[in-house]
Amino acid sequence: MEMDGVVLLALIIGVLIVIITSVVLFGLSNKKRGDLILFLGPSGSGKTLMIYRLKTGKLVDTVISSQVTELNSITLHSDKSQNINRTLNIVDFPGHNRLRGQLKSYLERAKAIVFVLDSENFDVVSSSTFVYEVLRSNQVFNRVPFLIVCNKQDVTTTKISDIQKQIESNLTRLKDEGEGLGEIGGNKSSGFVQIGKKGSKFEFSQTPLIQFASSSTKNDDLSQVQSFLQKL
C-alpha cells in the first residue's frame with residue numbers, strides 16, 4: 001500500500017508539472033503573438049503614403065502626413081489563383097520625437113514592425129537611434145519580424161547595403177555607450193535587452209528576424225513590402 005501511495009503521488013506530481021508547463025508555454029506564446037503591424041520611421045519617410053497605397057491600390061503624389069496614431073484595416077490580395085485575401089491591422093505611428101513615449105503600449109501588441117526610411121534624405125543618427133530604441137525593447141528583440149524599408153529608391157543613388165552599414169555602425173556605438181535609454185516608455189532599468197555583446201560590432205546578421213527592403217511608393221514598387229506582409 002505504501003508503494004502504491006508513492007506511485008500515485010509521483011503520478012500526481014507528473015500531471016501537475018505537465019499542466020504548469022503547458023500554462024507557462026501557452027502564456028509565452030500568447031505574449032509573442034500580437035495583432036498589430038506597426039509602421040514606424042522618421043517624419044517625411046513616406047509611411048502614410050505607403051499605407052495609403054497598400055490600402056487603396058491608388059497612386060497619388062502626396063497625402064497628409066499623420067499627426068496622430070491611426071489604425072488602418074488593410075486587405076492584402078494574394079495569388080489570384082488561390083483567391084486568398086488577408087486582413088491586417090496596420091498602425092501608422094507618427095515620427096515626431098515628442099510622441100515616442102506612447103509607443104511602448106503598441107510594441108506590446110506588435111505582430112511585426114515595418115520601419116520606413118527616406119533614402120534620399122537619410123539622417124543616419126536620428127534614424128539609427130529610433131531603430132535602436134525599438135529594437136532593444138524586450139517585446140521586440142528576436143521576437144517580432146522587423147522590416148527596414150529604404151524608401152524613395154527611385155530618387156537616390158544610395159545603396160541599401162550602404163544604409164545598412166551606417167545603421168550597424170551607429171547601433172554599435174549606441175549599445176556600447178548606452179545612449180537613448182528610456183526614450184520609449186518605461187524607465188532606464190527595465191523593459192530593455194542588450195542587442196549584441198558590448199565591445200563587439202553589431203551586425204544585422206545576428207538578428208535573423210530583421211530584413212532590409214527597397215521601395216518606391218510613387219513608382220508603385222512596394223513588392224518587397226507586400227511580400228513581407230503576406231508571410232506574416
# chains A, B, ... in the order shown; residues from 1 in each chain; ligands from 1

call {"tool": "residues_around", "arguments": {"residues": "A:Thr69", "least_positions_apart": "5", "cutoff": "10 Å", "atoms": "only C-alpha atoms", "output": "ChimeraX atom specification"}}
result
/A:91-95,99,102-103

call {"tool": "residues_around", "arguments": {"residues": "stretch 44-59 of chain A", "least_positions_apart": "4", "cutoff": "9 Å", "atoms": "only C-alpha atoms", "output": "VMD selection string"}}
result
chain A and resid 39 to 40 63 to 66 72 to 76 90 92 to 95 115 to 119 121 to 122 150 to 152 216 to 220 222 226

call {"tool": "residues_around", "arguments": {"residues": "A:Lys201", "least_positions_apart": "2", "cutoff": "12 Å", "atoms": "only C-alpha atoms", "output": "short mmCIF file (atom, residue, chain, number, x, y, z; two decimals) with N, CA and C atoms, in the first residue's frame"}}
result
data_model
loop_
_atom_site.label_atom_id
_atom_site.label_comp_id
_atom_site.auth_asym_id
_atom_site.auth_seq_id
_atom_site.Cartn_x
_atom_site.Cartn_y
_atom_site.Cartn_z
N LYS A 165 25.06 49.40 -43.47
CA LYS A 165 26.36 49.53 -42.78
C LYS A 165 26.40 50.74 -41.86
N ILE A 167 23.83 52.18 -40.37
CA ILE A 167 22.99 51.91 -39.19
C ILE A 167 23.70 50.96 -38.24
N GLU A 168 24.34 49.93 -38.78
CA GLU A 168 25.08 48.98 -37.94
C GLU A 168 26.17 49.69 -37.15
N SER A 169 26.88 50.60 -37.79
CA SER A 169 27.94 51.35 -37.12
C SER A 169 27.39 52.18 -35.97
N ASN A 170 26.25 52.83 -36.19
CA ASN A 170 25.66 53.65 -35.14
C ASN A 170 25.04 52.81 -34.03
N LEU A 171 24.48 51.66 -34.37
CA LEU A 171 23.94 50.77 -33.34
C LEU A 171 25.06 50.23 -32.46
N THR A 172 26.21 49.97 -33.05
CA THR A 172 27.37 49.53 -32.28
C THR A 172 27.75 50.60 -31.25
N ARG A 173 27.79 51.83 -31.69
CA ARG A 173 28.13 52.94 -30.79
C ARG A 173 27.08 53.10 -29.70
N LEU A 174 25.81 53.05 -30.07
CA LEU A 174 24.73 53.27 -29.11
C LEU A 174 24.69 52.19 -28.04
N LYS A 175 24.86 50.94 -28.46
CA LYS A 175 24.79 49.86 -27.47
C LYS A 175 25.97 49.89 -26.51
N ASP A 176 27.14 50.31 -27.00
CA ASP A 176 28.33 50.36 -26.15
C ASP A 176 28.31 51.57 -25.22
N ILE A 195 21.45 44.37 -27.15
CA ILE A 195 21.49 43.86 -28.52
C ILE A 195 22.95 43.64 -28.91
N GLY A 196 23.37 42.42 -28.88
CA GLY A 196 24.76 42.10 -29.19
C GLY A 196 25.66 42.30 -27.98
N LYS A 197 26.87 41.80 -28.07
CA LYS A 197 27.82 41.88 -26.97
C LYS A 197 28.51 43.24 -26.94
N LYS A 198 28.66 43.76 -25.73
CA LYS A 198 29.32 45.05 -25.58
C LYS A 198 30.78 44.93 -26.02
N GLY A 199 31.25 45.90 -26.79
CA GLY A 199 32.61 45.88 -27.27
C GLY A 199 32.79 45.21 -28.60
N GLU A 203 25.92 43.56 -35.99
CA GLU A 203 25.56 43.28 -37.37
C GLU A 203 24.15 42.70 -37.40
N PHE A 204 23.39 43.09 -38.42
CA PHE A 204 22.02 42.61 -38.51
C PHE A 204 21.94 41.10 -38.74
N SER A 205 23.02 40.52 -39.19
CA SER A 205 23.05 39.07 -39.38
C SER A 205 22.90 38.34 -38.05
N GLN A 206 23.15 39.05 -36.94
CA GLN A 206 22.99 38.45 -35.61
C GLN A 206 21.52 38.32 -35.21
#

call {"tool": "atom_distance", "arguments": {"atom1": "atom CA of A:Ser161", "atom2": "atom CA of A:Leu147"}}
result
14.3 Å

call {"tool": "residues_around", "arguments": {"residues": "A:Val140", "least_positions_apart": "6", "cutoff": "9 Å", "atoms": "only C-alpha atoms", "output": "list of chain:residue names"}}
result
A:Lys32, A:Leu107, A:Glu108, A:Ala110, A:Ala112, A:Ile113, A:Val134, A:Phe146

call {"tool": "residues_around", "arguments": {"residues": "stretch 141-145 of chain A", "least_positions_apart": "4", "cutoff": "7 Å", "atoms": "only C-alpha atoms", "output": "list in words"}}
result
Lys32, Lys111, Ala112, Ile113, Leu135, Arg136, Ser137, Thr207, Leu209 and Ile210 of chain A

call {"tool": "write_last_selection", "arguments": {"atoms": "C-alpha atoms", "output": "mmCIF file, in the first residue's frame"}}
result
data_model
loop_
_atom_site.group_PDB
_atom_site.id
_atom_site.type_symbol
_atom_site.label_atom_id
_atom_site.label_comp_id
_atom_site.auth_asym_id
_atom_site.auth_seq_id
_atom_site.Cartn_x
_atom_site.Cartn_y
_atom_site.Cartn_z
ATOM 1 C CA LYS A 32 4.678 36.824 -28.502
ATOM 2 C CA LYS A 111 2.891 41.242 -34.695
ATOM 3 C CA ALA A 112 5.513 42.798 -36.962
ATOM 4 C CA ILE A 113 7.278 46.118 -37.493
ATOM 5 C CA LEU A 135 14.932 47.023 -31.339
ATOM 6 C CA ARG A 136 16.176 46.837 -27.756
ATOM 7 C CA SER A 137 12.674 46.635 -26.318
ATOM 8 C CA THR A 207 19.234 39.029 -35.619
ATOM 9 C CA LEU A 209 14.133 38.378 -37.782
ATOM 10 C CA ILE A 210 15.376 41.664 -39.275
#
